[in-house]
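Heads up: the structure comes next, in structure tokens.
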Amino acid sequence: MGLIKDIYSVSFYEKFGQAVAEVHPAFDKQKFISAIYEGDFAQKEWKDRMKHTTVVLHQFMPENFPEAVVLIDKIIKNLKKNSFTEGNLTFIFFADYIEKYGLDDFKTSAKAFVSITQFISCEFAVRPFILKYKEKMINEMTKWSLHENHHVRRLASEGSRPRLPWAMAIPFLKKDPTSILPILENLKNDSSEYVRRSVANNLNDIVKDNPEIVLEIAQKWKGISKETDAIIKHGCRTLLKQGHPQILSHYGLESTNVELSNFEIKTPKVKIGDYLQFQFQLNNKNNEAKTIRLEYAVHYKKSKGHLAKKVFKISEKIYQPHQVTKVERNQSFKLITTRVFHTGMHQLSIIINGTESEALEFELVK
């Protein structure tokens with residue numbers, strides 16, 4: 001499997017250059033490719049290659065920004081005609097172009113986003129516009145939430161997320177997300193799961209700074225449809241992991257007469273690269289069936305010696321009266337790029353409907 005930066009290859013630029021030349025006769029394909037590979041292109045990572053492509057492309061585009069946008073639209077139409085796949089990450093430089101060169105032309109850029117996002121997503125590129133134009137941009141995105149194309153509707157939700165991962169945060173929306181709530185309201189029954197999932201992710205962003213707002217929405221939207229219920233559940237996942245009493249109550253998740261027993265760590269000493277093995281027994285001692293959300297928490301030892309908790313879901317299902325269930329699980333300690341493991345004593349606990357058990361210790365070794 002190749003590196004993501006290698007999607008920007010000579011072959012790609014040849015095909016892209018040809019597509020541009022077909023709608024822009026003044027375009028010099030070979031000069032464009034030579035400009036791409038000048039300097040330290042080989043050492044650039046994916047994001048830098050993408051932004052470099054934006055800058056080089058700009059050198060071959062009309063100086064007038066609205067004219068450049070018209071040409072970008074023609075290029076995209078030609079790419080589609082030549083069977084370039086919609087949503088291909090390679091073409092995110094089109095969105096970057098609008099972000100870099102169109103920030104002072106709100107009207108043209110807003111129209112360009114509607115067109116471009118139907119080919120490649122623009123949720124990162126709209127962020128500087130929200131920061132600069134605030135309510136004006138939010139109002140425009142609210143209109144997008146009613147658009148006939150699901151990619152445009154999704155951009156309204158995804159682009160307005162207060163804490164969109166790998167993107168600049170929007171401080172005023174973290175503080176007060178009220179202005180984007182009409183967007184989510186418009187999309188709560190959207191026909192596209194792609195859009196609905198974005199709505200849930202937006203709610204989960206809001207939860208981290210304003211849980212009371214999402215709890216109010218959860219109550220307001222409850223029972224509208226199974227799709228809307230799914231949005232609420234996914235949008236409240238952080239609150240569920242935190243064992244927030246109000247959201248647990250919302251779903252009828254309470255731990256009375258649910259007994260945890262025989263909780264045991266089968267591998268009290270775990271090598272980095274291996275699996276932690278543990279087991280426990282669950283007994284629904286109630287006289288009626290009960291929905292039980294089962295999770296476990298690993299309290300990882302960090303570099304400064306403190307413990308940091310991460311919650312993992314096991315299941316959420318109905319247990320019959322007096323049902324006794326044995327649960328066995330493995331937790332991986334294989335090396336991954338997104339987590340650094342530190343040797344020493346760690347802890348593990350079981351969480352039943354938000355109620356956390358006493359933690360057991362295990363040692364991670366090399």
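Letters for chains follow the order of the structure tokens (A, B, ...), residue numbers begin at 1 for each chain, and ligand numbers begin at 1 in the order shown.
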Going by DSSP on the backbone, which bits of segment 107-144 of chain A are helix (DSSP H, G or I)? Write them as a compact mmCIF listing (two decimals) with N, CA and C atoms, in the first residue's frame, please.
# COMPACT_ATOMS: atom_id res chain seq x y z
N LYS A 107 -19.54 36.36 -2.16
CA LYS A 107 -20.61 35.92 -3.06
C LYS A 107 -20.11 34.86 -4.05
N THR A 108 -18.99 35.13 -4.70
CA THR A 108 -18.45 34.18 -5.68
C THR A 108 -18.02 32.89 -5.00
N SER A 109 -17.39 33.01 -3.84
CA SER A 109 -16.89 31.83 -3.14
C SER A 109 -18.02 30.94 -2.64
N ALA A 110 -19.07 31.56 -2.10
CA ALA A 110 -20.20 30.79 -1.61
C ALA A 110 -20.83 29.98 -2.73
N LYS A 111 -20.96 30.60 -3.89
CA LYS A 111 -21.51 29.90 -5.06
C LYS A 111 -20.56 28.79 -5.51
N ALA A 112 -19.25 29.04 -5.43
CA ALA A 112 -18.26 28.05 -5.84
C ALA A 112 -18.30 26.83 -4.92
N PHE A 113 -18.48 27.05 -3.62
CA PHE A 113 -18.55 25.93 -2.68
C PHE A 113 -19.70 24.99 -3.03
N VAL A 114 -20.84 25.56 -3.38
CA VAL A 114 -22.01 24.75 -3.74
C VAL A 114 -21.69 23.85 -4.92
N SER A 115 -20.99 24.38 -5.89
CA SER A 115 -20.64 23.61 -7.08
C SER A 115 -19.54 22.59 -6.81
N ILE A 116 -18.46 23.04 -6.17
CA ILE A 116 -17.28 22.18 -5.97
C ILE A 116 -17.57 21.03 -5.02
N ARG A 127 -14.22 26.91 6.65
CA ARG A 127 -13.97 27.36 8.02
C ARG A 127 -13.48 28.83 8.10
N PRO A 128 -12.50 29.24 7.29
CA PRO A 128 -12.08 30.65 7.37
C PRO A 128 -13.21 31.62 7.03
N PHE A 129 -14.14 31.19 6.18
CA PHE A 129 -15.27 32.05 5.83
C PHE A 129 -16.21 32.21 7.02
N ILE A 130 -16.40 31.13 7.79
CA ILE A 130 -17.23 31.23 9.00
C ILE A 130 -16.57 32.18 9.99
N LEU A 131 -15.26 32.06 10.14
CA LEU A 131 -14.55 32.93 11.08
C LEU A 131 -14.61 34.40 10.65
N LYS A 132 -14.51 34.65 9.35
CA LYS A 132 -14.49 36.04 8.87
C LYS A 132 -15.89 36.65 8.80
N TYR A 133 -16.84 35.88 8.29
CA TYR A 133 -18.17 36.44 8.01
C TYR A 133 -19.23 36.07 9.05
N GLU A 135 -22.15 35.28 11.07
CA GLU A 135 -23.58 35.02 10.82
C GLU A 135 -23.92 35.04 9.33
N LYS A 136 -23.24 35.86 8.57
CA LYS A 136 -23.50 35.92 7.13
C LYS A 136 -23.22 34.56 6.48
N MET A 137 -22.12 33.93 6.89
CA MET A 137 -21.79 32.61 6.33
C MET A 137 -22.71 31.54 6.88
N ILE A 138 -23.04 31.62 8.16
CA ILE A 138 -23.96 30.64 8.75
C ILE A 138 -25.32 30.71 8.08
N ASN A 139 -25.77 31.92 7.77
CA ASN A 139 -27.05 32.06 7.08
C ASN A 139 -27.01 31.43 5.69
N GLU A 140 -25.88 31.58 5.02
CA GLU A 140 -25.71 30.97 3.70
C GLU A 140 -25.74 29.45 3.82
N MET A 141 -25.08 28.93 4.84
CA MET A 141 -25.02 27.48 5.04
C MET A 141 -26.39 26.92 5.46
N THR A 142 -27.17 27.74 6.13
CA THR A 142 -28.53 27.32 6.47
C THR A 142 -29.35 27.12 5.19
N LYS A 143 -29.13 27.98 4.20
CA LYS A 143 -29.78 27.78 2.89
C LYS A 143 -29.29 26.49 2.24
N TRP A 144 -28.00 26.21 2.39
CA TRP A 144 -27.45 24.97 1.82
C TRP A 144 -28.13 23.73 2.42
Near-segment 324-331 of chain A list (6 Å; only C-alpha atoms; drop same-chain fewer than 4 positions) as JSON, numbers by chain: {"A": [275, 276, 277, 278, 279, 280, 281, 282, 283]}
Find the residue from A:Lys5, A:Ser157, A:Pro171, A:Val126 that sits nearest to Thr90 of chain A; use only C-alpha atoms when measuring. A:Lys5
Write out as a PyMOL selection string the residues lying within 8 Å of Lys290 of chain A, counting only C-alpha atoms and excluding same-chain residues fewer than 3 positions away. chain A and resi 284+286+318-321
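Here atom CA of Ser225 of chain A is placed at a distance of 14.4 Å from atom CA of Ala200 of chain A.
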